[in-house]
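Colleague: Please find upload_12.pdb (PDB, C-alpha atoms and all ligand atoms) on the next line:
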```pdb
ATOM      1  CA  MET A   2     -11.246  15.037   5.030  1.00  0.00           C
ATOM      2  CA  ILE A   3     -10.265  11.400   5.537  1.00  0.00           C
ATOM      3  CA  GLU A   4     -13.273   9.198   6.168  1.00  0.00           C
ATOM      4  CA  ILE A   5     -15.728  10.515   3.567  1.00  0.00           C
ATOM      5  CA  PRO A   6     -13.409  10.247   0.518  1.00  0.00           C
ATOM      6  CA  ALA A   7     -12.275   6.794   1.700  1.00  0.00           C
ATOM      7  CA  LEU A   8     -15.834   5.521   2.121  1.00  0.00           C
ATOM      8  CA  LEU A   9     -17.065   7.001  -1.142  1.00  0.00           C
ATOM      9  CA  SER A  10     -14.104   5.542  -3.025  1.00  0.00           C
ATOM     10  CA  ILE A  11     -15.228   1.981  -2.250  1.00  0.00           C
ATOM     11  CA  LEU A  12     -18.943   2.386  -2.999  1.00  0.00           C
ATOM     12  CA  PRO A  13     -20.200  -0.163  -5.503  1.00  0.00           C
ATOM     13  CA  ASN A  14     -22.268   0.865  -8.530  1.00  0.00           C
ATOM     14  CA  MET A  15     -25.484   2.328  -7.131  1.00  0.00           C
ATOM     15  CA  VAL A  16     -27.541   2.556 -10.330  1.00  0.00           C
ATOM     16  CA  GLY A  17     -30.985   1.019  -9.774  1.00  0.00           C
ATOM     17  CA  LYS A  18     -30.041  -0.206  -6.296  1.00  0.00           C
ATOM     18  CA  ARG A  19     -31.949  -0.033  -3.001  1.00  0.00           C
ATOM     19  CA  ILE A  20     -29.729   1.476  -0.320  1.00  0.00           C
ATOM     20  CA  LEU A  21     -30.005   1.592   3.470  1.00  0.00           C
ATOM     21  CA  ASP A  22     -27.960   4.226   5.347  1.00  0.00           C
ATOM     22  CA  LEU A  23     -27.588   3.405   9.059  1.00  0.00           C
ATOM     23  CA  GLY A  24     -27.108   6.430  11.296  1.00  0.00           C
ATOM     24  CA  CYS A  25     -27.742   8.737   8.353  1.00  0.00           C
ATOM     25  CA  GLY A  26     -27.507  11.971  10.353  1.00  0.00           C
ATOM     26  CA  PHE A  27     -28.446  14.955   8.180  1.00  0.00           C
ATOM     27  CA  GLY A  28     -28.928  12.655   5.188  1.00  0.00           C
ATOM     28  CA  GLU A  29     -26.201  14.086   2.985  1.00  0.00           C
ATOM     29  CA  HIS A  30     -25.023  10.638   1.924  1.00  0.00           C
ATOM     30  CA  CYS A  31     -28.604   9.550   1.140  1.00  0.00           C
ATOM     31  CA  LYS A  32     -28.909  12.419  -1.312  1.00  0.00           C
ATOM     32  CA  LEU A  33     -25.577  11.557  -2.877  1.00  0.00           C
ATOM     33  CA  PHE A  34     -26.650   7.921  -3.364  1.00  0.00           C
ATOM     34  CA  VAL A  35     -29.740   9.070  -5.306  1.00  0.00           C
ATOM     35  CA  GLU A  36     -27.509  11.321  -7.412  1.00  0.00           C
ATOM     36  CA  LYS A  37     -25.387   8.245  -8.092  1.00  0.00           C
ATOM     37  CA  GLY A  38     -28.432   6.500  -9.518  1.00  0.00           C
ATOM     38  CA  ALA A  39     -29.961   4.629  -6.571  1.00  0.00           C
ATOM     39  CA  GLU A  40     -33.561   3.601  -7.105  1.00  0.00           C
ATOM     40  CA  LYS A  41     -34.506   4.025  -3.445  1.00  0.00           C
ATOM     41  CA  VAL A  42     -32.636   5.117  -0.308  1.00  0.00           C
ATOM     42  CA  VAL A  43     -33.766   4.607   3.267  1.00  0.00           C
ATOM     43  CA  GLY A  44     -31.894   6.646   5.862  1.00  0.00           C
ATOM     44  CA  LEU A  45     -32.449   5.837   9.494  1.00  0.00           C
ATOM     45  CA  ASP A  46     -31.260   7.531  12.619  1.00  0.00           C
ATOM     46  CA  ILE A  47     -31.938   7.235  16.340  1.00  0.00           C
ATOM     47  CA  SER A  48     -32.145  11.016  16.591  1.00  0.00           C
ATOM     48  CA  GLN A  49     -35.511  12.544  15.719  1.00  0.00           C
ATOM     49  CA  LYS A  50     -33.767  15.909  15.323  1.00  0.00           C
ATOM     50  CA  MET A  51     -31.290  14.518  12.802  1.00  0.00           C
ATOM     51  CA  ILE A  52     -34.172  13.032  10.810  1.00  0.00           C
ATOM     52  CA  GLU A  53     -36.027  16.351  10.883  1.00  0.00           C
ATOM     53  CA  VAL A  54     -32.955  18.147   9.484  1.00  0.00           C
ATOM     54  CA  ALA A  55     -32.491  15.406   6.877  1.00  0.00           C
ATOM     55  CA  LYS A  56     -36.093  15.912   5.750  1.00  0.00           C
ATOM     56  CA  LEU A  57     -35.669  19.674   5.612  1.00  0.00           C
ATOM     57  CA  GLU A  58     -32.264  19.922   3.979  1.00  0.00           C
ATOM     58  CA  ASN A  59     -31.558  16.761   2.020  1.00  0.00           C
ATOM     59  CA  HIS A  60     -34.888  15.231   1.170  1.00  0.00           C
ATOM     60  CA  ILE A  61     -35.574  14.408  -2.453  1.00  0.00           C
ATOM     61  CA  SER A  62     -37.942  11.877  -3.957  1.00  0.00           C
ATOM     62  CA  LYS A  63     -36.662   8.304  -3.639  1.00  0.00           C
ATOM     63  CA  ILE A  64     -35.428   9.014  -0.070  1.00  0.00           C
ATOM     64  CA  ASP A  65     -37.269   7.749   2.983  1.00  0.00           C
ATOM     65  CA  ASP A  66     -35.954   9.201   6.267  1.00  0.00           C
ATOM     66  CA  ILE A  67     -36.914   7.047   9.223  1.00  0.00           C
ATOM     67  CA  HIS A  68     -36.618   7.661  12.950  1.00  0.00           C
ATOM     68  CA  LEU A  69     -35.376   4.242  14.091  1.00  0.00           C
ATOM     69  CA  SER A  70     -32.392   2.891  15.993  1.00  0.00           C
ATOM     70  CA  MET A  71     -29.990   0.308  14.607  1.00  0.00           C
ATOM     71  CA  GLU A  72     -30.975  -1.858  17.589  1.00  0.00           C
ATOM     72  CA  ASP A  73     -34.489  -2.096  16.072  1.00  0.00           C
ATOM     73  CA  LEU A  74     -33.314  -2.811  12.552  1.00  0.00           C
ATOM     74  CA  ALA A  75     -35.058  -6.182  12.482  1.00  0.00           C
ATOM     75  CA  THR A  76     -38.431  -4.379  12.404  1.00  0.00           C
ATOM     76  CA  LEU A  77     -37.667  -3.076   8.896  1.00  0.00           C
ATOM     77  CA  ASN A  78     -39.600  -5.261   6.536  1.00  0.00           C
ATOM     78  CA  GLN A  79     -37.609  -4.498   3.374  1.00  0.00           C
ATOM     79  CA  LYS A  80     -34.660  -5.814   1.397  1.00  0.00           C
ATOM     80  CA  PHE A  81     -31.649  -3.777   0.301  1.00  0.00           C
ATOM     81  CA  ASP A  82     -28.856  -4.274  -2.226  1.00  0.00           C
ATOM     82  CA  ILE A  83     -26.392  -2.103  -0.322  1.00  0.00           C
ATOM     83  CA  VAL A  84     -26.181  -1.152   3.350  1.00  0.00           C
ATOM     84  CA  VAL A  85     -23.917   1.784   4.183  1.00  0.00           C
ATOM     85  CA  SER A  86     -23.031   3.276   7.531  1.00  0.00           C
ATOM     86  CA  SER A  87     -20.695   6.157   8.109  1.00  0.00           C
ATOM     87  CA  LEU A  88     -19.258   6.700  11.605  1.00  0.00           C
ATOM     88  CA  ALA A  89     -22.192   5.230  13.533  1.00  0.00           C
ATOM     89  CA  PHE A  90     -21.483   1.541  14.342  1.00  0.00           C
ATOM     90  CA  HIS A  91     -19.391   2.464  17.385  1.00  0.00           C
ATOM     91  CA  TYR A  92     -22.571   3.651  19.151  1.00  0.00           C
ATOM     92  CA  VAL A  93     -24.084   0.159  19.100  1.00  0.00           C
ATOM     93  CA  GLU A  94     -23.270  -2.206  21.949  1.00  0.00           C
ATOM     94  CA  ALA A  95     -24.428  -5.489  20.396  1.00  0.00           C
ATOM     95  CA  TYR A  96     -22.247  -5.623  17.285  1.00  0.00           C
ATOM     96  CA  PRO A  97     -22.905  -9.323  16.397  1.00  0.00           C
ATOM     97  CA  LYS A  98     -26.684  -8.733  16.515  1.00  0.00           C
ATOM     98  CA  LEU A  99     -26.313  -5.657  14.303  1.00  0.00           C
ATOM     99  CA  ILE A 100     -24.379  -7.630  11.684  1.00  0.00           C
ATOM    100  CA  LYS A 101     -26.898 -10.477  11.821  1.00  0.00           C
ATOM    101  CA  ASP A 102     -29.831  -8.075  11.374  1.00  0.00           C
ATOM    102  CA  ILE A 103     -28.084  -6.439   8.409  1.00  0.00           C
ATOM    103  CA  TYR A 104     -27.457  -9.845   6.855  1.00  0.00           C
ATOM    104  CA  HIS A 105     -31.202 -10.572   6.928  1.00  0.00           C
ATOM    105  CA  LEU A 106     -32.000  -7.234   5.244  1.00  0.00           C
ATOM    106  CA  LEU A 107     -29.484  -7.726   2.420  1.00  0.00           C
ATOM    107  CA  THR A 108     -30.304  -9.359  -0.877  1.00  0.00           C
ATOM    108  CA  ASP A 109     -28.086 -12.245  -1.979  1.00  0.00           C
ATOM    109  CA  GLY A 110     -24.726 -10.828  -3.023  1.00  0.00           C
ATOM    110  CA  GLY A 111     -25.527  -7.507  -1.354  1.00  0.00           C
ATOM    111  CA  TYR A 112     -22.891  -5.230   0.102  1.00  0.00           C
ATOM    112  CA  LEU A 113     -22.258  -3.820   3.557  1.00  0.00           C
ATOM    113  CA  LEU A 114     -19.855  -0.878   3.725  1.00  0.00           C
ATOM    114  CA  PHE A 115     -19.187   0.868   6.996  1.00  0.00           C
ATOM    115  CA  SER A 116     -16.771   3.076   8.818  1.00  0.00           C
ATOM    116  CA  GLN A 117     -16.569   3.614  12.538  1.00  0.00           C
ATOM    117  CA  GLU A 118     -14.795   5.904  14.921  1.00  0.00           C
ATOM    118  CA  HIS A 119     -11.190   4.960  15.587  1.00  0.00           C
ATOM    119  CA  PRO A 120     -10.622   3.866  19.225  1.00  0.00           C
ATOM    120  CA  LEU A 121      -7.879   6.463  19.455  1.00  0.00           C
ATOM    121  CA  VAL A 122     -10.628   9.076  19.871  1.00  0.00           C
ATOM    122  CA  THR A 123     -11.998   7.555  23.094  1.00  0.00           C
ATOM    123  CA  SER A 124      -8.868   5.923  24.491  1.00  0.00           C
ATOM    124  CA  HIS A 125      -7.882   8.685  26.876  1.00  0.00           C
ATOM    125  CA  SER A 126      -8.947   7.817  30.452  1.00  0.00           C
ATOM    126  CA  GLN A 127      -6.488   9.371  32.879  1.00  0.00           C
ATOM    127  CA  GLY A 128      -3.862  12.062  33.091  1.00  0.00           C
ATOM    128  CA  GLU A 129      -3.411  14.773  30.518  1.00  0.00           C
ATOM    129  CA  ARG A 130      -4.960  14.259  27.078  1.00  0.00           C
ATOM    130  CA  TRP A 131      -1.730  15.420  25.440  1.00  0.00           C
ATOM    131  CA  ILE A 132       1.921  15.140  26.406  1.00  0.00           C
ATOM    132  CA  LYS A 133       3.409  18.538  25.568  1.00  0.00           C
ATOM    133  CA  ASN A 134       6.916  19.965  25.454  1.00  0.00           C
ATOM    134  CA  ASP A 135       8.030  22.963  27.515  1.00  0.00           C
ATOM    135  CA  ASP A 136       6.670  25.315  24.856  1.00  0.00           C
ATOM    136  CA  GLY A 137       3.208  23.772  25.113  1.00  0.00           C
ATOM    137  CA  MET A 138       3.473  22.025  21.784  1.00  0.00           C
ATOM    138  CA  LYS A 139       1.595  18.718  21.573  1.00  0.00           C
ATOM    139  CA  LEU A 140       4.037  15.813  21.241  1.00  0.00           C
ATOM    140  CA  TYR A 141       1.980  12.676  21.914  1.00  0.00           C
ATOM    141  CA  ALA A 142      -1.624  11.693  22.595  1.00  0.00           C
ATOM    142  CA  ASN A 143      -2.189   9.873  25.871  1.00  0.00           C
ATOM    143  CA  ILE A 144      -3.974   6.668  24.800  1.00  0.00           C
ATOM    144  CA  SER A 145      -3.814   4.832  28.106  1.00  0.00           C
ATOM    145  CA  ASN A 146      -7.205   3.205  27.532  1.00  0.00           C
ATOM    146  CA  TYR A 147      -6.561   1.986  24.013  1.00  0.00           C
ATOM    147  CA  GLY A 148      -6.724  -1.778  24.526  1.00  0.00           C
ATOM    148  CA  ARG A 149      -9.758  -1.878  26.796  1.00  0.00           C
ATOM    149  CA  GLU A 150     -12.802  -3.387  25.121  1.00  0.00           C
ATOM    150  CA  GLY A 151     -16.411  -2.501  25.896  1.00  0.00           C
ATOM    151  CA  GLU A 152     -18.303   0.690  26.555  1.00  0.00           C
ATOM    152  CA  ARG A 153     -16.501   4.023  26.664  1.00  0.00           C
ATOM    153  CA  ASP A 154     -17.694   7.387  27.909  1.00  0.00           C
ATOM    154  CA  VAL A 155     -17.058  10.579  26.009  1.00  0.00           C
ATOM    155  CA  VAL A 156     -17.268  13.797  28.026  1.00  0.00           C
TER     156      VAL A 156
HETATM  157  C1  LIG B   1     -21.103  10.884  13.644  1.00  0.00           C
HETATM  158  S1  LIG B   1     -22.777  10.943  13.103  1.00  0.00           S
HETATM  159  C2  LIG B   1     -22.604  10.433  11.406  1.00  0.00           C
HETATM  160  C3  LIG B   1     -23.774  10.877  10.575  1.00  0.00           C
HETATM  161  C4  LIG B   1     -23.697  10.521   9.077  1.00  0.00           C
HETATM  162  N1  LIG B   1     -23.601   9.086   8.877  1.00  0.00           N
HETATM  163  C5  LIG B   1     -22.534  11.226   8.399  1.00  0.00           C
HETATM  164  O1  LIG B   1     -21.528  10.563   8.100  1.00  0.00           O
HETATM  165  O2  LIG B   1     -22.625  12.438   8.189  1.00  0.00           O
HETATM  166  C6  LIG B   1     -23.468   9.479  13.884  1.00  0.00           C
HETATM  167  C7  LIG B   1     -24.959   9.339  13.677  1.00  0.00           C
HETATM  168  O3  LIG B   1     -25.368   8.077  14.203  1.00  0.00           O
HETATM  169  C8  LIG B   1     -26.604   8.245  14.863  1.00  0.00           C
HETATM  170  N2  LIG B   1     -26.761   7.134  15.813  1.00  0.00           N
HETATM  171  C9  LIG B   1     -26.090   6.937  16.976  1.00  0.00           C
HETATM  172  N3  LIG B   1     -26.496   5.817  17.569  1.00  0.00           N
HETATM  173  C10 LIG B   1     -27.444   5.278  16.752  1.00  0.00           C
HETATM  174  C11 LIG B   1     -28.252   4.106  16.831  1.00  0.00           C
HETATM  175  N4  LIG B   1     -28.130   3.268  17.844  1.00  0.00           N
HETATM  176  N5  LIG B   1     -29.113   3.862  15.822  1.00  0.00           N
HETATM  177  C12 LIG B   1     -29.228   4.723  14.777  1.00  0.00           C
HETATM  178  N6  LIG B   1     -28.509   5.856  14.671  1.00  0.00           N
HETATM  179  C13 LIG B   1     -27.615   6.123  15.634  1.00  0.00           C
HETATM  180  C14 LIG B   1     -26.493   9.620  15.503  1.00  0.00           C
HETATM  181  O4  LIG B   1     -27.754  10.146  15.857  1.00  0.00           O
HETATM  182  C15 LIG B   1     -25.789  10.406  14.413  1.00  0.00           C
HETATM  183  O5  LIG B   1     -26.681  11.002  13.507  1.00  0.00           O
END
```
Can you dump the structure from the file as structure tokens?
Ligand SMILES: C[S@@+](CC[C@H](N)C(=O)[O-])C[C@H]1O[C@@H](n2cnc3c(N)ncnc32)[C@H](O)[C@@H]1O
Modeller:
Amino acid sequence: MIEIPALLSILPNMVGKRILDLGCGFGEHCKLFVEKGAEKVVGLDISQKMIEVAKLENHISKIDDIHLSMEDLATLNQKFDIVVSSLAFHYVEAYPKLIKDIYHLLTDGGYLLFSQEHPLVTSHSQGERWIKNDDGMKLYANISNYGREGERDVV
């Protein structure tokens, strides 16, 4: 409801472009990029199951679904005009390396567009998740862990 329209609203012109989708999941965005005129789309995901679903449900010609992690991006021997990633960067520990690897895969003047999970989602570490009133209505989220950098666990 929020992230997808925001991300799609800033996509550059995709006609004739080679696109890489990092953490493509079921591949819905890959299909959309082809519909928007992309010449070739590579979707990669660390999950073999996600890639299998992408191949079953959203595969059309011009799309290459690859089982690969973002950590191994440097093994891709291709160039792209646009790299897109929707809600997946927060799973990668070595952010500077990821950005460097993407830089080497992009053509000159290429674009990187990404979204990532807001830290609000994982910032609860102790006490109740929600502060509620006497009627049980949620008043505030407990974000006691908000400022802590580094790895976070999600139960
Ligand atoms: C929240 S889903 C988003 C999927 C898709 N981008 C979308 O917007 O519908 C995050 C995806 O990132 C993938 N992922 C997580 N860590 C990854 C990694 N290190 N390398 C590649 N993909 C990863 C997950 O398997 C999952 O498919």
Colleague: Do you know which residues the PyMOL selection byres (((not hetatm)) within 8 of (chain B and resi 1)) returns on this file, as a ChimeraX atom specification?
Modeller: /A:5,22-30,45-48,51,69-72,86-93
Colleague: Check the smallest atom-to-atom distance from each of A:Arg19, A:His68, A:Arg153, A:Lys56 to His125 of chain A using only C-alpha atoms, then report the winner.
Modeller: A:Arg153
Colleague: One number please: atom CA of Glu58 of chain A to atom CA of Asn78 of chain A, in Å, one decimal.
Modeller: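 Atom CA of Asn78 of chain A lies at a distance of 26.4 Å from atom CA of Glu58 of chain A.
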Colleague: Mind pulling up the distance from atom CA of Arg149 of chain A to atom CA of Gly128 of chain A?
Modeller: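 Interatomic distance, atom CA of Gly128 of chain A to atom CA of Arg149 of chain A: 16.4 Å.
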Colleague: Taking the file as I've supplied it (selection: the PyMOL selection byres (((chain A and resi 60) around 12) and not hetatm)), which residues are included? Please answer as a count of residues only.
Modeller: 28
Colleague: Return the single residue from A:Leu106, A:Ser116, A:Trp131, A:Glu94 that is closest to Pro6 of chain A, with distances computed using all atoms listed in the file.
Modeller: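 Counting all atoms listed in the file, the residue closest to Pro6 of chain A is A:Ser116.
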Colleague: Give the answer as one residue: which of A:Glu129, A:Ile20, A:Ala142, A:Glu152 has the shortest atom-to-atom distance to Ala95 of chain A, using only C-alpha atoms?
Modeller: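 Counting only C-alpha atoms, the residue closest to Ala95 of chain A is A:Glu152.
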Colleague: Show me, as lines of an AutoDock Vina configuration file, the centre and edge lengths in Å to one decimal of the axis-aligned box that covers every listed atom of segment 8-17 of chain A with 6 Å on each side.
Modeller:
```
center_x = -22.5
center_y = 3.4
center_z = -4.1
size_x = 28.9
size_y = 19.2
size_z = 24.5
```
Colleague: When you count only C-alpha atoms, which of these residues is closest to Leu9 of chain A: A:Phe115, A:Phe81, A:Tyr96, A:Tyr104?
Modeller: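 Under the stated criterion, the closest residue is A:Phe115.
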Colleague: I'd like to know which of A:Asp135, A:Tyr147, A:Ile11, A:Val85 is closest to Gln117 of chain A, using only C-alpha atoms.
Modeller: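 Closest residue, counting only C-alpha atoms: A:Val85.
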Colleague: Skipping near chain neighbours, those fewer than 3 positions away, what residues fall within 10 Å of Lys18 of chain A using all atoms listed in the file, listed as number ranges by chain?
Modeller: A: 13-15, 21, 34-35, 37-42, 81-83, 111
Colleague: One number please: atom CA of Gly17 of chain A to atom CA of Gln49 of chain A, in Å, one decimal.
Modeller: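 Atom CA of Gln49 of chain A lies at a distance of 28.3 Å from atom CA of Gly17 of chain A.
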Colleague: Can you spell out as a PyMOL selection string the set of residues that the PyMOL selection byres (((chain A and resi 127) around 10) and not hetatm) selects in the structure I just provided?
Modeller: chain A and resi 124-126+128-130+143-146
Colleague: Using only C-alpha atoms for the distances, tell me which of A:Leu74, A:Leu140, A:Val155, A:Leu107 is nearest to Val122 of chain A.
Modeller: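 Comparing A:Leu74, A:Leu140, A:Val155, A:Leu107 against Val122 of chain A, the winner is A:Val155.
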Colleague: Could segment 12-29 of chain A be completed with N, CA, C and O atoms and returned as a PDB file, in the coordinates of the input?
Modeller:
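Below you can see selection23.pdb, which holds the result:
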```pdb
ATOM      1  N   LEU A  12     -17.519   2.668  -2.742  1.00  0.00           N
ATOM      2  CA  LEU A  12     -18.943   2.386  -2.999  1.00  0.00           C
ATOM      3  C   LEU A  12     -19.089   1.583  -4.285  1.00  0.00           C
ATOM      4  O   LEU A  12     -18.463   1.903  -5.295  1.00  0.00           O
ATOM      5  N   PRO A  13     -19.931   0.551  -4.253  1.00  0.00           N
ATOM      6  CA  PRO A  13     -20.200  -0.163  -5.503  1.00  0.00           C
ATOM      7  C   PRO A  13     -21.124   0.670  -6.397  1.00  0.00           C
ATOM      8  O   PRO A  13     -21.629   1.703  -5.976  1.00  0.00           O
ATOM      9  N   ASN A  14     -21.340   0.197  -7.607  1.00  0.00           N
ATOM     10  CA  ASN A  14     -22.268   0.865  -8.530  1.00  0.00           C
ATOM     11  C   ASN A  14     -23.654   0.948  -7.881  1.00  0.00           C
ATOM     12  O   ASN A  14     -24.197  -0.058  -7.437  1.00  0.00           O
ATOM     13  N   MET A  15     -24.224   2.139  -7.843  1.00  0.00           N
ATOM     14  CA  MET A  15     -25.484   2.328  -7.131  1.00  0.00           C
ATOM     15  C   MET A  15     -26.687   2.421  -8.074  1.00  0.00           C
ATOM     16  O   MET A  15     -27.829   2.548  -7.615  1.00  0.00           O
ATOM     17  N   VAL A  16     -26.448   2.356  -9.362  1.00  0.00           N
ATOM     18  CA  VAL A  16     -27.541   2.556 -10.330  1.00  0.00           C
ATOM     19  C   VAL A  16     -28.607   1.470 -10.154  1.00  0.00           C
ATOM     20  O   VAL A  16     -28.318   0.271 -10.194  1.00  0.00           O
ATOM     21  N   GLY A  17     -29.847   1.936  -9.904  1.00  0.00           N
ATOM     22  CA  GLY A  17     -30.985   1.019  -9.774  1.00  0.00           C
ATOM     23  C   GLY A  17     -31.013   0.241  -8.471  1.00  0.00           C
ATOM     24  O   GLY A  17     -31.853  -0.648  -8.299  1.00  0.00           O
ATOM     25  N   LYS A  18     -30.149   0.580  -7.539  1.00  0.00           N
ATOM     26  CA  LYS A  18     -30.041  -0.206  -6.296  1.00  0.00           C
ATOM     27  C   LYS A  18     -30.885   0.396  -5.160  1.00  0.00           C
ATOM     28  O   LYS A  18     -31.163   1.593  -5.140  1.00  0.00           O
ATOM     29  N   ARG A  19     -31.271  -0.482  -4.221  1.00  0.00           N
ATOM     30  CA  ARG A  19     -31.949  -0.033  -3.001  1.00  0.00           C
ATOM     31  C   ARG A  19     -30.905   0.037  -1.891  1.00  0.00           C
ATOM     32  O   ARG A  19     -30.221  -0.956  -1.615  1.00  0.00           O
ATOM     33  N   ILE A  20     -30.807   1.214  -1.281  1.00  0.00           N
ATOM     34  CA  ILE A  20     -29.729   1.476  -0.320  1.00  0.00           C
ATOM     35  C   ILE A  20     -30.308   1.761   1.066  1.00  0.00           C
ATOM     36  O   ILE A  20     -31.320   2.472   1.179  1.00  0.00           O
ATOM     37  N   LEU A  21     -29.644   1.260   2.088  1.00  0.00           N
ATOM     38  CA  LEU A  21     -30.005   1.592   3.470  1.00  0.00           C
ATOM     39  C   LEU A  21     -28.805   2.281   4.116  1.00  0.00           C
ATOM     40  O   LEU A  21     -27.683   1.755   4.087  1.00  0.00           O
ATOM     41  N   ASP A  22     -29.030   3.483   4.676  1.00  0.00           N
ATOM     42  CA  ASP A  22     -27.960   4.226   5.347  1.00  0.00           C
ATOM     43  C   ASP A  22     -28.245   4.224   6.846  1.00  0.00           C
ATOM     44  O   ASP A  22     -29.216   4.832   7.311  1.00  0.00           O
ATOM     45  N   LEU A  23     -27.379   3.546   7.617  1.00  0.00           N
ATOM     46  CA  LEU A  23     -27.588   3.405   9.059  1.00  0.00           C
ATOM     47  C   LEU A  23     -26.889   4.529   9.811  1.00  0.00           C
ATOM     48  O   LEU A  23     -25.682   4.703   9.694  1.00  0.00           O
ATOM     49  N   GLY A  24     -27.661   5.258  10.613  1.00  0.00           N
ATOM     50  CA  GLY A  24     -27.108   6.430  11.296  1.00  0.00           C
ATOM     51  C   GLY A  24     -26.845   7.520  10.284  1.00  0.00           C
ATOM     52  O   GLY A  24     -25.756   8.060  10.186  1.00  0.00           O
ATOM     53  N   CYS A  25     -27.901   7.862   9.532  1.00  0.00           N
ATOM     54  CA  CYS A  25     -27.742   8.737   8.353  1.00  0.00           C
ATOM     55  C   CYS A  25     -27.497  10.194   8.696  1.00  0.00           C
ATOM     56  O   CYS A  25     -27.109  10.983   7.834  1.00  0.00           O
ATOM     57  N   GLY A  26     -27.736  10.579   9.971  1.00  0.00           N
ATOM     58  CA  GLY A  26     -27.507  11.971  10.353  1.00  0.00           C
ATOM     59  C   GLY A  26     -28.357  12.921   9.535  1.00  0.00           C
ATOM     60  O   GLY A  26     -29.568  12.741   9.400  1.00  0.00           O
ATOM     61  N   PHE A  27     -27.716  13.941   8.964  1.00  0.00           N
ATOM     62  CA  PHE A  27     -28.446  14.955   8.180  1.00  0.00           C
ATOM     63  C   PHE A  27     -28.838  14.451   6.789  1.00  0.00           C
ATOM     64  O   PHE A  27     -29.421  15.202   6.001  1.00  0.00           O
ATOM     65  N   GLY A  28     -28.477  13.241   6.452  1.00  0.00           N
ATOM     66  CA  GLY A  28     -28.928  12.655   5.188  1.00  0.00           C
ATOM     67  C   GLY A  28     -28.155  13.076   3.946  1.00  0.00           C
ATOM     68  O   GLY A  28     -28.613  12.875   2.825  1.00  0.00           O
ATOM     69  N   GLU A  29     -26.975  13.632   4.159  1.00  0.00           N
ATOM     70  CA  GLU A  29     -26.201  14.086   2.985  1.00  0.00           C
ATOM     71  C   GLU A  29     -25.793  12.916   2.088  1.00  0.00           C
ATOM     72  O   GLU A  29     -25.818  13.013   0.863  1.00  0.00           O
TER      73      GLU A  29
END
```
